[in-house]
$ cat model.tsv   # TSV, C-alpha atoms
chain	number	residue	atom	x	y	z
A	1	MET	CA	120.28	111.02	129.99
A	2	THR	CA	119.48	111.87	126.38
A	3	ASP	CA	116.38	114.05	126.13
A	4	ARG	CA	113.36	113.15	123.98
A	5	SER	CA	114.23	115.52	121.20
A	6	ALA	CA	117.71	114.02	120.94
A	7	VAL	CA	116.22	110.53	120.81
A	8	LEU	CA	114.08	111.59	117.87
A	9	ASP	CA	117.05	113.25	116.22
A	10	HIS	CA	118.98	110.01	116.47
A	11	TYR	CA	116.28	107.47	115.61
A	12	TYR	CA	113.75	109.29	113.42
A	13	LEU	CA	115.17	108.16	110.08
A	14	ASP	CA	115.54	104.57	111.27
A	15	CYS	CA	111.95	104.58	112.53
A	16	ARG	CA	110.71	106.14	109.30
A	17	CYS	CA	112.42	103.38	107.38
A	18	MET	CA	110.99	100.64	109.62
A	19	VAL	CA	107.46	101.99	109.31
A	20	LEU	CA	107.84	102.07	105.52
A	21	GLU	CA	109.20	98.52	105.50
A	22	LEU	CA	106.20	97.39	107.54
A	23	ALA	CA	103.79	99.21	105.25
A	24	ALA	CA	105.45	97.75	102.15
A	25	ALA	CA	105.34	94.22	103.60
A	26	LEU	CA	101.62	94.54	104.37
A	27	ASP	CA	101.01	95.92	100.86
A	28	ARG	CA	102.97	92.96	99.45
A	29	HIS	CA	100.74	90.61	101.44
A	30	ASP	CA	97.56	92.28	100.23
A	31	ARG	CA	98.65	92.17	96.59
A	32	ALA	CA	99.52	88.47	96.71
A	33	PRO	CA	96.95	85.87	95.64
A	34	ALA	CA	94.85	84.37	98.42
A	35	ALA	CA	96.32	81.35	100.20
A	36	PRO	CA	94.58	77.98	99.78
A	37	SER	CA	91.62	77.58	102.12
A	38	GLY	CA	92.60	76.19	105.49
A	39	ALA	CA	95.75	78.30	105.78
A	40	GLN	CA	94.43	79.73	109.02
A	41	HIS	CA	97.91	80.07	110.50
A	42	ALA	CA	98.79	82.88	108.05
A	43	ASP	CA	95.63	84.78	109.00
A	44	ASP	CA	96.50	84.44	112.68
A	45	ARG	CA	99.88	85.96	112.08
A	46	LEU	CA	98.38	88.88	110.19
A	47	ALA	CA	95.93	89.51	113.01
A	48	LEU	CA	98.81	89.48	115.47
A	49	LEU	CA	100.68	92.06	113.41
A	50	HIS	CA	97.60	94.27	113.33
A	51	GLN	CA	97.32	94.01	117.12
A	52	ALA	CA	101.01	94.85	117.47
A	53	ILE	CA	100.52	97.94	115.32
A	54	GLN	CA	97.69	98.99	117.62
A	55	ILE	CA	100.09	98.78	120.55
A	56	LEU	CA	102.47	101.06	118.67
A	57	ALA	CA	99.78	103.57	117.84
A	58	VAL	CA	98.16	104.03	121.25
A	59	PRO	CA	99.83	106.37	123.77
A	60	SER	CA	101.09	104.39	126.73
A	61	ALA	CA	101.51	105.44	130.35
A	62	GLN	CA	104.58	103.24	130.55
A	63	PRO	CA	107.31	102.89	127.93
A	64	ASP	CA	106.71	99.16	127.66
A	65	ARG	CA	105.57	98.71	124.05
A	66	ALA	CA	108.35	96.30	123.13
A	67	ALA	CA	107.57	94.02	126.08
A	68	ARG	CA	103.82	94.12	125.39
A	69	ILE	CA	104.33	93.22	121.74
A	70	LEU	CA	106.64	90.35	122.66
A	71	GLN	CA	104.03	89.06	125.12
A	72	LEU	CA	101.42	89.31	122.39
A	73	LEU	CA	103.63	87.27	120.07
A	74	SER	CA	104.45	84.63	122.73
A	75	ASP	CA	102.83	81.24	123.29
A	76	PRO	CA	100.51	81.22	126.32
A	77	VAL	CA	102.24	80.42	129.57
A	78	GLY	CA	100.89	77.65	131.82
B	1	MET	CA	125.10	87.68	86.35
B	2	TYR	CA	126.37	91.04	85.10
B	3	TYR	CA	125.58	94.39	86.66
B	4	ILE	CA	125.90	98.00	85.60
B	5	GLN	CA	125.99	100.32	88.60
B	6	PRO	CA	124.46	103.49	87.14
B	7	HIS	CA	124.84	105.78	90.17
B	8	TYR	CA	128.08	105.38	92.08
B	9	HIS	CA	130.27	107.97	93.80
B	10	GLY	CA	133.69	106.40	93.45
B	11	ILE	CA	135.65	109.34	94.84
B	12	SER	CA	134.03	108.67	98.23
B	13	ARG	CA	134.93	104.99	98.21
B	14	THR	CA	138.05	102.94	98.68
B	15	THR	CA	139.60	100.84	95.93
B	16	ASP	CA	138.36	97.76	97.81
B	17	ASP	CA	134.91	98.62	96.47
B	18	TYR	CA	136.08	98.25	92.87
B	19	GLU	CA	137.74	94.93	93.61
B	20	ARG	CA	134.68	93.52	95.37
B	21	MET	CA	132.26	94.93	92.79
B	22	ALA	CA	134.28	93.29	90.02
B	23	GLN	CA	134.10	89.99	91.90
B	24	ALA	CA	130.34	90.48	92.24
B	25	GLY	CA	129.76	90.93	88.50
B	26	VAL	CA	129.82	94.72	88.07
B	27	VAL	CA	131.14	95.58	84.60
B	28	ALA	CA	130.60	99.36	84.61
B	29	VAL	CA	129.80	102.24	86.91
B	30	ALA	CA	128.58	105.77	86.18
B	31	GLU	CA	129.50	108.55	88.59
B	32	PRO	CA	127.30	111.65	88.81
B	33	SER	CA	128.68	114.90	90.17
B	34	PHE	CA	127.40	115.42	93.69
B	35	TRP	CA	127.74	117.28	96.97
B	36	ALA	CA	131.00	116.44	98.72
B	37	GLY	CA	129.60	116.91	102.23
B	38	PHE	CA	130.61	120.57	102.40
B	39	ASP	CA	129.88	123.59	100.22
B	40	ARG	CA	132.76	124.39	97.88
B	41	ARG	CA	133.85	128.01	97.56
B	42	TYR	CA	135.67	128.16	94.23
B	43	PRO	CA	134.79	127.20	90.67
B	44	GLY	CA	138.22	125.66	90.31
B	45	THR	CA	137.40	123.15	93.04
B	46	PHE	CA	134.49	121.88	90.94
B	47	ILE	CA	136.60	121.82	87.81
B	48	ASP	CA	139.28	119.72	89.50
B	49	TYR	CA	136.52	117.44	90.77
B	50	PHE	CA	135.25	117.01	87.20
B	51	ARG	CA	138.84	116.18	86.16
B	52	GLN	CA	139.10	113.65	88.94
B	53	ILE	CA	135.94	111.77	87.94
B	54	SER	CA	136.58	112.01	84.20
B	55	GLU	CA	140.32	111.29	84.18
B	56	PHE	CA	141.51	109.59	87.36
B	57	GLU	CA	138.57	107.45	88.47
B	58	PRO	CA	138.43	105.55	85.15
B	59	THR	CA	142.03	104.46	85.71
B	60	ARG	CA	141.27	103.27	89.25
B	61	ALA	CA	138.24	101.26	88.10
B	62	ALA	CA	140.12	99.86	85.11
B	63	LEU	CA	142.57	98.13	87.45
B	64	TYR	CA	139.73	95.75	88.23
B	65	GLY	CA	138.26	95.54	84.74
B	66	ILE	CA	135.38	97.91	85.50
B	67	ARG	CA	134.56	100.65	83.01
B	68	HIS	CA	133.98	104.03	84.66
B	69	PHE	CA	131.82	106.80	83.21
B	70	CYS	CA	130.70	110.09	84.75
B	71	TRP	CA	128.38	113.07	84.59
B	72	VAL	CA	129.24	116.73	85.21
B	73	ALA	CA	126.96	119.24	86.94
B	74	VAL	CA	126.43	121.65	89.76
B	75	ASN	CA	124.58	119.46	92.25
B	76	PRO	CA	121.25	120.67	93.66
B	77	LYS	CA	122.54	121.55	97.11
B	78	GLU	CA	125.35	123.80	95.92
B	79	SER	CA	123.17	125.33	93.21
B	80	GLU	CA	121.82	127.54	95.98
B	81	ASN	CA	124.86	129.71	95.24
B	82	ILE	CA	123.86	131.18	91.90
B	83	ALA	CA	127.02	133.14	91.13
B	84	LEU	CA	129.30	130.19	91.84
B	85	SER	CA	127.03	127.84	89.91
B	86	ARG	CA	127.16	130.02	86.82
B	87	GLU	CA	130.95	130.15	86.93
B	88	VAL	CA	131.10	126.36	87.14
B	89	MET	CA	128.53	125.98	84.37
B	90	ALA	CA	130.64	128.12	82.08
B	91	ALA	CA	133.35	125.44	82.28
B	92	MET	CA	131.09	122.39	81.88
B	93	PRO	CA	130.86	122.28	78.07
B	94	GLY	CA	134.62	121.74	77.99
B	95	PHE	CA	133.99	118.32	79.53
B	96	PHE	CA	131.22	117.15	77.23
B	97	ASP	CA	133.64	115.78	74.64
B	98	LYS	CA	135.76	113.83	77.11
B	99	PRO	CA	135.61	110.12	76.35
B	100	THR	CA	133.81	109.02	79.51
B	101	VAL	CA	131.46	111.96	80.20
B	102	LEU	CA	127.87	110.88	79.54
B	103	GLY	CA	125.86	114.03	80.22
B	104	ILE	CA	124.72	116.57	82.80
B	105	GLY	CA	123.86	115.27	86.26
B	106	GLU	CA	122.92	115.15	88.94
B	107	ILE	CA	120.98	118.38	88.73
B	108	GLY	CA	117.61	119.30	90.20
B	109	LEU	CA	116.29	120.26	93.60
B	110	ASN	CA	117.34	119.73	97.20
B	111	LYS	CA	115.11	121.99	99.31
B	112	ASN	CA	112.95	123.23	96.42
B	113	THR	CA	114.20	126.81	96.72
B	114	ARG	CA	113.94	129.57	94.15
B	115	ASN	CA	117.72	129.61	93.60
B	116	GLU	CA	117.79	125.86	93.05
B	117	MET	CA	115.02	126.19	90.48
B	118	ILE	CA	116.93	128.89	88.60
B	119	ILE	CA	120.10	126.82	88.28
B	120	PHE	CA	118.12	123.64	87.56
B	121	GLN	CA	116.42	125.38	84.64
B	122	GLU	CA	119.69	126.84	83.34
B	123	GLN	CA	121.42	123.43	83.47
B	124	MET	CA	118.45	121.82	81.71
B	125	GLU	CA	118.64	124.45	78.99
B	126	MET	CA	122.36	123.74	78.65
B	127	ALA	CA	121.65	120.02	78.31
B	128	LEU	CA	119.07	120.65	75.61
B	129	LYS	CA	121.37	123.04	73.76
B	130	HIS	CA	124.30	120.61	73.83
B	131	ARG	CA	122.13	117.51	73.32
B	132	GLN	CA	123.32	115.89	76.56
B	133	LEU	CA	121.67	113.10	78.54
B	134	VAL	CA	120.26	114.34	81.87
B	135	LEU	CA	120.28	112.83	85.35
B	136	ILE	CA	117.96	114.56	87.82
B	137	HIS	CA	118.17	114.18	91.58
B	138	THR	CA	114.91	114.47	93.49
B	139	PRO	CA	114.94	115.64	97.11
B	140	HIS	CA	114.93	113.19	99.97
B	141	LEU	CA	112.36	112.81	102.74
B	142	ARG	CA	109.64	115.44	103.17
B	143	ASP	CA	110.75	117.56	100.18
B	144	LYS	CA	110.55	114.74	97.62
B	145	LEU	CA	106.90	114.91	96.59
B	146	LYS	CA	106.84	118.65	95.96
B	147	GLY	CA	110.27	118.55	94.35
B	148	THR	CA	109.21	115.82	91.94
B	149	ILE	CA	106.11	117.77	90.89
B	150	LEU	CA	108.19	120.93	90.36
B	151	THR	CA	110.68	118.86	88.34
B	152	LEU	CA	108.02	117.39	86.08
B	153	ASP	CA	106.46	120.84	85.57
B	154	LEU	CA	109.79	122.28	84.47
B	155	LEU	CA	110.55	119.39	82.12
B	156	ARG	CA	107.13	119.76	80.55
B	157	GLU	CA	107.64	123.50	80.13
B	158	LEU	CA	111.04	122.95	78.47
B	159	ARG	CA	109.68	120.11	76.31
B	160	ALA	CA	112.52	117.83	77.35
B	161	ASP	CA	112.66	114.50	75.53
B	162	PRO	CA	111.64	111.91	78.18
B	163	ASP	CA	113.79	109.25	76.50
B	164	ARG	CA	116.90	111.19	77.45
B	165	VAL	CA	116.04	112.14	81.04
B	166	TRP	CA	116.46	109.94	84.12
B	167	ILE	CA	114.70	111.13	87.28
B	168	ASP	CA	116.37	109.52	90.27
B	169	HIS	CA	115.49	108.53	93.83
B	170	VAL	CA	111.83	107.77	93.13
B	171	GLU	CA	109.79	106.05	95.83
B	172	GLU	CA	106.27	104.68	96.06
B	173	HIS	CA	104.64	108.13	96.05
B	174	THR	CA	106.63	109.56	93.12
B	175	ILE	CA	107.32	106.68	90.73
B	176	LYS	CA	103.97	106.74	88.93
B	177	PRO	CA	103.94	110.39	87.79
B	178	VAL	CA	107.53	110.02	86.56
B	179	LEU	CA	106.78	106.90	84.52
B	180	ASP	CA	103.42	108.21	83.33
B	181	ALA	CA	105.21	111.26	81.89
B	182	GLY	CA	107.50	108.90	79.97
B	183	PHE	CA	110.76	109.55	81.83
B	184	TRP	CA	113.23	106.98	83.12
B	185	ALA	CA	112.88	106.43	86.86
B	186	GLY	CA	115.71	105.44	89.18
B	187	MET	CA	115.44	103.78	92.57
B	188	THR	CA	118.37	104.36	94.90
B	189	LEU	CA	118.95	101.69	97.50
B	190	TYR	CA	120.38	102.23	100.95
B	191	PRO	CA	121.27	99.74	103.68
B	192	GLN	CA	119.26	101.89	106.11
B	193	THR	CA	116.79	104.73	105.65
B	194	LYS	CA	115.23	105.64	102.30
B	195	MET	CA	114.53	102.95	99.66
B	196	SER	CA	115.30	99.32	100.56
B	197	PRO	CA	116.06	96.42	98.21
B	198	ARG	CA	112.75	94.75	99.12
B	199	ARG	CA	110.69	97.83	98.36
B	200	ALA	CA	112.54	98.25	95.07
B	201	ALA	CA	111.66	94.66	94.16
B	202	ASP	CA	108.02	95.54	94.91
B	203	MET	CA	108.22	98.49	92.52
B	204	LEU	CA	109.69	96.30	89.78
B	205	GLU	CA	106.77	93.90	90.20
B	206	LEU	CA	104.18	96.67	90.27
B	207	TYR	CA	105.42	98.82	87.41
B	208	GLY	CA	107.23	96.36	85.13
B	209	LEU	CA	110.78	96.65	83.90
B	210	ASP	CA	110.42	99.33	81.25
B	211	ARG	CA	112.38	102.53	82.01
B	212	LEU	CA	113.25	101.52	85.56
B	213	LEU	CA	116.80	101.77	86.85
B	214	VAL	CA	118.12	100.43	90.14
B	215	ASN	CA	121.22	101.89	91.74
B	216	SER	CA	122.92	101.77	95.08
B	217	SER	CA	124.35	105.29	95.25
B	218	ALA	CA	127.38	104.38	97.38
B	219	ASP	CA	128.62	107.70	98.68
B	220	TRP	CA	130.37	109.10	101.75
B	221	GLY	CA	127.41	108.41	104.04
B	222	PRO	CA	126.03	105.09	105.26
B	223	SER	CA	125.66	103.23	101.97
B	224	SER	CA	126.80	100.14	100.13
B	225	PRO	CA	127.30	99.33	96.46
B	226	PHE	CA	126.12	95.81	97.20
B	227	THR	CA	122.52	96.73	97.90
B	228	LEU	CA	122.25	96.20	94.13
B	229	GLN	CA	123.09	92.53	94.54
B	230	GLU	CA	120.76	92.34	97.56
B	231	CYS	CA	117.92	93.63	95.41
B	232	ALA	CA	118.78	91.14	92.66
B	233	ALA	CA	118.74	88.30	95.20
B	234	GLU	CA	115.36	89.43	96.52
B	235	TYR	CA	113.97	89.66	92.97
B	236	ARG	CA	115.35	86.22	92.07
B	237	GLN	CA	113.97	84.71	95.28
B	238	ARG	CA	110.49	85.86	94.22
B	239	GLY	CA	110.73	83.65	91.15
B	240	HIS	CA	111.87	86.05	88.44
B	241	SER	CA	114.04	84.72	85.63
B	242	GLU	CA	117.71	85.36	85.01
B	243	GLN	CA	116.77	87.24	81.84
B	244	GLU	CA	114.56	89.56	83.88
B	245	LEU	CA	117.43	90.10	86.30
B	246	LEU	CA	119.74	90.94	83.42
B	247	ASP	CA	117.15	93.32	82.01
B	248	VAL	CA	116.84	95.22	85.28
B	249	PHE	CA	120.42	95.30	86.49
B	250	HIS	CA	122.37	95.35	83.23
B	251	ASN	CA	120.26	95.96	80.18
B	252	ASN	CA	118.16	98.89	81.34
B	253	PRO	CA	121.21	100.98	82.31
B	254	ALA	CA	122.83	99.92	79.04
B	255	ARG	CA	119.75	101.11	77.14
B	256	PHE	CA	119.55	104.48	78.85
B	257	LEU	CA	123.26	105.28	79.07
B	258	GLY	CA	123.88	103.76	75.64
B	259	GLN	CA	122.00	106.66	74.07
B	260	ASN	CA	125.37	108.34	74.40
B	261	PRO	CA	127.60	106.42	71.96
B	262	LYS	CA	130.53	106.64	74.39
B	263	PHE	CA	128.72	104.05	76.52
B	264	SER	CA	129.29	101.06	74.26
B	265	ILE	CA	128.07	98.24	76.53
B	266	ARG	CA	125.06	96.64	74.86
B	267	PRO	CA	122.10	94.76	76.38
B	268	ILE	CA	122.60	91.01	76.78
B	269	GLN	CA	120.11	88.36	75.68
B	270	MET	CA	120.54	84.94	77.25
B	271	ALA	CA	120.88	82.04	74.83
B	272	GLN	CA	117.86	79.82	74.26
B	273	GLY	CA	117.96	76.82	76.55
B	274	SER	CA	120.26	78.45	79.12
B	275	ILE	CA	119.25	78.71	82.78
B	276	ALA	CA	115.68	80.01	83.14

$ encode --input "model.tsv" --output "structure tokens"
Amino acid sequence: MTDRSAVLDHYYLDCRCMVLELAAALDRHDRAPAAPSGAQHADDRLALLHQAIQILAVPSAQPDRAARILQLLSDPVG
Amino acid sequence: MYYIQPHYHGISRTTDDYERMAQAGVVAVAEPSFWAGFDRRYPGTFIDYFRQISEFEPTRAALYGIRHFCWVAVNPKESENIALSREVMAAMPGFFDKPTVLGIGEIGLNKNTRNEMIIFQEQMEMALKHRQLVLIHTPHLRDKLKGTILTLDLLRELRADPDRVWIDHVEEHTIKPVLDAGFWAGMTLYPQTKMSPRRAADMLELYGLDRLLVNSSADWGPSSPFTLQECAAEYRQRGHSEQELLDVFHNNPARFLGQNPKFSIRPIQMAQGSIA
């Protein structure tokens, strides 16, 4: 199995690019004029992205970040 | 829509590129001298490379109606070898009068070393002496910020005319000092890693169109000449006019490169009443 250093070697530049894309998209959002009042849905989505970023940032005992973010972004079950 | 591709490494690409670029509206490309993926050992290898991009590549592009121009230089990475660089530089003035050579580039820094700085300064002095346009590469990734500051310091010290210098590969953290100092700034787009078409569209909206160039590099690594069209599509989708698109992707390169009279493609103004 590929060791952790090799994983970073292989994916670092891709990850760097994805983090920059995310940062640029959030900057783009913040620069844009405010949405008309009542556009609560947009605010919900932004809050979800912020929560997802928190999942990325916090060390995890299990390598399950992708699954946790997808659960966060899923409709409630039941 | 017409495009000028101001930074394109044709020798690393197949002829299919030229055919598809022509179909996509590209009317001209400019090919800087760059690192071939390995360090060359002989001055003659560089000189043959300069012949290839100044004599052969124009014929290959012309088959598809694309005009091909080029720049000669010792690239930043190989400028680490000072003795070899100086031998190559001794031959460079012989290319300045060729009909498609636009200036000296890409020069500058790769790892911000002392040797790179020495050859960067000597090539800048040569450009000033011979009144050549200059294309400057800035380092990628973690070396970019420091390399850009060192570059601006040197240009200030040499009193280079900002109108005639294009500093390439700017990103969000380096674009402002380059533009504030009056230089032309280039954004180089890649399909993955480094600057993306969306981020470049952001920069166009934030800093305006004056002195900004967009290019897609297109070299021997993962790259695509069509990131230029992707950026144009993104910019159009955000509501910008066809005239603005022409200004960014055709007229700005025509303005900068047209300072050398060999580059005879002029900016285009859309007729009144044509598509917005």

$ interface_residues --input "model.tsv" --of "chain B" --to "chain A" --cutoff "7 Å" --atoms "all atoms listed in the file" --output "number ranges by chain"
B: 192-194, 199

$ residues_near_point --input "model.tsv" --point "(132.1, 93.9, 84.8)" --cutoff "7 Å" --atoms "only C-alpha atoms" --output "PyMOL selection string"
chain B and resi 2-3+22+25-28+65-66

$ atom_distance --input "model.tsv" --atom1 "CA of Leu102 (chain B)" --atom2 "CA of Glu230 (chain B)"
26.8 Å

$ closest_residue --input "model.tsv" --among "B:Met89, B:Glu19, B:Gly103, B:Gln121" --to "Leu63 (chain B)" --atoms "all atoms listed in the file"
B:Glu19

$ atom_distance --input "model.tsv" --atom1 "CA of Leu48 (chain A)" --atom2 "CA of Ala66 (chain A)"
14.0 Å

$ atom_distance --input "model.tsv" --atom1 "CA of Phe69 (chain B)" --atom2 "CA of Ala30 (chain B)"
4.5 Å

$ residues_around --input "model.tsv" --residues "region 247-252 of chain B" --least-positions-apart "4" --cutoff "12 Å" --atoms "all atoms listed in the file" --output "CSV table (one decimal) with C-alpha atoms, in the frame of the given file"
chain,number,residue,atom,x,y,z
B,1,MET,CA,125.1,87.7,86.4
B,2,TYR,CA,126.4,91.0,85.1
B,3,TYR,CA,125.6,94.4,86.7
B,4,ILE,CA,125.9,98.0,85.6
B,5,GLN,CA,126.0,100.3,88.6
B,6,PRO,CA,124.5,103.5,87.1
B,7,HIS,CA,124.8,105.8,90.2
B,25,GLY,CA,129.8,90.9,88.5
B,26,VAL,CA,129.8,94.7,88.1
B,27,VAL,CA,131.1,95.6,84.6
B,28,ALA,CA,130.6,99.4,84.6
B,29,VAL,CA,129.8,102.2,86.9
B,166,TRP,CA,116.5,109.9,84.1
B,184,TRP,CA,113.2,107.0,83.1
B,185,ALA,CA,112.9,106.4,86.9
B,186,GLY,CA,115.7,105.4,89.2
B,187,MET,CA,115.4,103.8,92.6
B,200,ALA,CA,112.5,98.2,95.1
B,201,ALA,CA,111.7,94.7,94.2
B,203,MET,CA,108.2,98.5,92.5
B,204,LEU,CA,109.7,96.3,89.8
B,205,GLU,CA,106.8,93.9,90.2
B,208,GLY,CA,107.2,96.4,85.1
B,209,LEU,CA,110.8,96.6,83.9
B,210,ASP,CA,110.4,99.3,81.2
B,211,ARG,CA,112.4,102.5,82.0
B,212,LEU,CA,113.2,101.5,85.6
B,213,LEU,CA,116.8,101.8,86.8
B,214,VAL,CA,118.1,100.4,90.1
B,215,ASN,CA,121.2,101.9,91.7
B,216,SER,CA,122.9,101.8,95.1
B,227,THR,CA,122.5,96.7,97.9
B,228,LEU,CA,122.2,96.2,94.1
B,229,GLN,CA,123.1,92.5,94.5
B,230,GLU,CA,120.8,92.3,97.6
B,231,CYS,CA,117.9,93.6,95.4
B,232,ALA,CA,118.8,91.1,92.7
B,233,ALA,CA,118.7,88.3,95.2
B,235,TYR,CA,114.0,89.7,93.0
B,236,ARG,CA,115.4,86.2,92.1
B,240,HIS,CA,111.9,86.0,88.4
B,241,SER,CA,114.0,84.7,85.6
B,242,GLU,CA,117.7,85.4,85.0
B,243,GLN,CA,116.8,87.2,81.8
B,256,PHE,CA,119.6,104.5,78.8
B,257,LEU,CA,123.3,105.3,79.1
B,258,GLY,CA,123.9,103.8,75.6
B,259,GLN,CA,122.0,106.7,74.1
B,264,SER,CA,129.3,101.1,74.3
B,265,ILE,CA,128.1,98.2,76.5
B,266,ARG,CA,125.1,96.6,74.9
B,267,PRO,CA,122.1,94.8,76.4
B,268,ILE,CA,122.6,91.0,76.8
B,269,GLN,CA,120.1,88.4,75.7
B,270,MET,CA,120.5,84.9,77.2

$ closest_residue --input "model.tsv" --among "B:Leu152, B:Leu158, B:Ala83, B:Ile11" --to "Arg60 (chain B)" --atoms "all atoms listed in the file"
B:Ile11

$ build_atoms --input "model.tsv" --residues "region 95-107 of chain B" --atoms "N, CA and C atoms" --output "PDB file, in the frame of the given file"
ATOM      1  N   PHE B  95     133.894 119.734  79.142  1.00  0.00           N
ATOM      2  CA  PHE B  95     133.990 118.320  79.530  1.00  0.00           C
ATOM      3  C   PHE B  95     133.113 117.405  78.684  1.00  0.00           C
ATOM      4  N   PHE B  96     132.186 118.000  77.931  1.00  0.00           N
ATOM      5  CA  PHE B  96     131.220 117.150  77.230  1.00  0.00           C
ATOM      6  C   PHE B  96     131.869 116.219  76.208  1.00  0.00           C
ATOM      7  N   ASP B  97     133.008 116.625  75.660  1.00  0.00           N
ATOM      8  CA  ASP B  97     133.640 115.780  74.640  1.00  0.00           C
ATOM      9  C   ASP B  97     134.642 114.792  75.221  1.00  0.00           C
ATOM     10  N   LYS B  98     134.827 114.808  76.520  1.00  0.00           N
ATOM     11  CA  LYS B  98     135.760 113.830  77.110  1.00  0.00           C
ATOM     12  C   LYS B  98     135.196 112.421  76.914  1.00  0.00           C
ATOM     13  N   PRO B  99     136.070 111.430  76.805  1.00  0.00           N
ATOM     14  CA  PRO B  99     135.610 110.120  76.350  1.00  0.00           C
ATOM     15  C   PRO B  99     134.709 109.345  77.319  1.00  0.00           C
ATOM     16  N   THR B 100     134.660 109.767  78.583  1.00  0.00           N
ATOM     17  CA  THR B 100     133.810 109.020  79.510  1.00  0.00           C
ATOM     18  C   THR B 100     132.678 109.870  80.104  1.00  0.00           C
ATOM     19  N   VAL B 101     132.528 111.100  79.665  1.00  0.00           N
ATOM     20  CA  VAL B 101     131.460 111.960  80.200  1.00  0.00           C
ATOM     21  C   VAL B 101     130.166 111.686  79.432  1.00  0.00           C
ATOM     22  N   LEU B 102     129.113 111.330  80.173  1.00  0.00           N
ATOM     23  CA  LEU B 102     127.870 110.880  79.540  1.00  0.00           C
ATOM     24  C   LEU B 102     126.804 111.967  79.429  1.00  0.00           C
ATOM     25  N   GLY B 103     126.906 113.015  80.265  1.00  0.00           N
ATOM     26  CA  GLY B 103     125.860 114.030  80.220  1.00  0.00           C
ATOM     27  C   GLY B 103     125.929 114.954  81.414  1.00  0.00           C
ATOM     28  N   ILE B 104     124.801 115.604  81.697  1.00  0.00           N
ATOM     29  CA  ILE B 104     124.720 116.570  82.800  1.00  0.00           C
ATOM     30  C   ILE B 104     123.911 115.955  83.949  1.00  0.00           C
ATOM     31  N   GLY B 105     124.546 115.853  85.105  1.00  0.00           N
ATOM     32  CA  GLY B 105     123.860 115.270  86.260  1.00  0.00           C
ATOM     33  C   GLY B 105     124.820 115.152  87.444  1.00  0.00           C
ATOM     34  N   GLU B 106     124.323 115.078  88.692  1.00  0.00           N
ATOM     35  CA  GLU B 106     122.920 115.150  88.940  1.00  0.00           C
ATOM     36  C   GLU B 106     122.541 116.583  89.242  1.00  0.00           C
ATOM     37  N   ILE B 107     121.511 117.033  88.537  1.00  0.00           N
ATOM     38  CA  ILE B 107     120.980 118.380  88.730  1.00  0.00           C
ATOM     39  C   ILE B 107     119.613 118.248  89.397  1.00  0.00           C
TER      40      ILE B 107
END
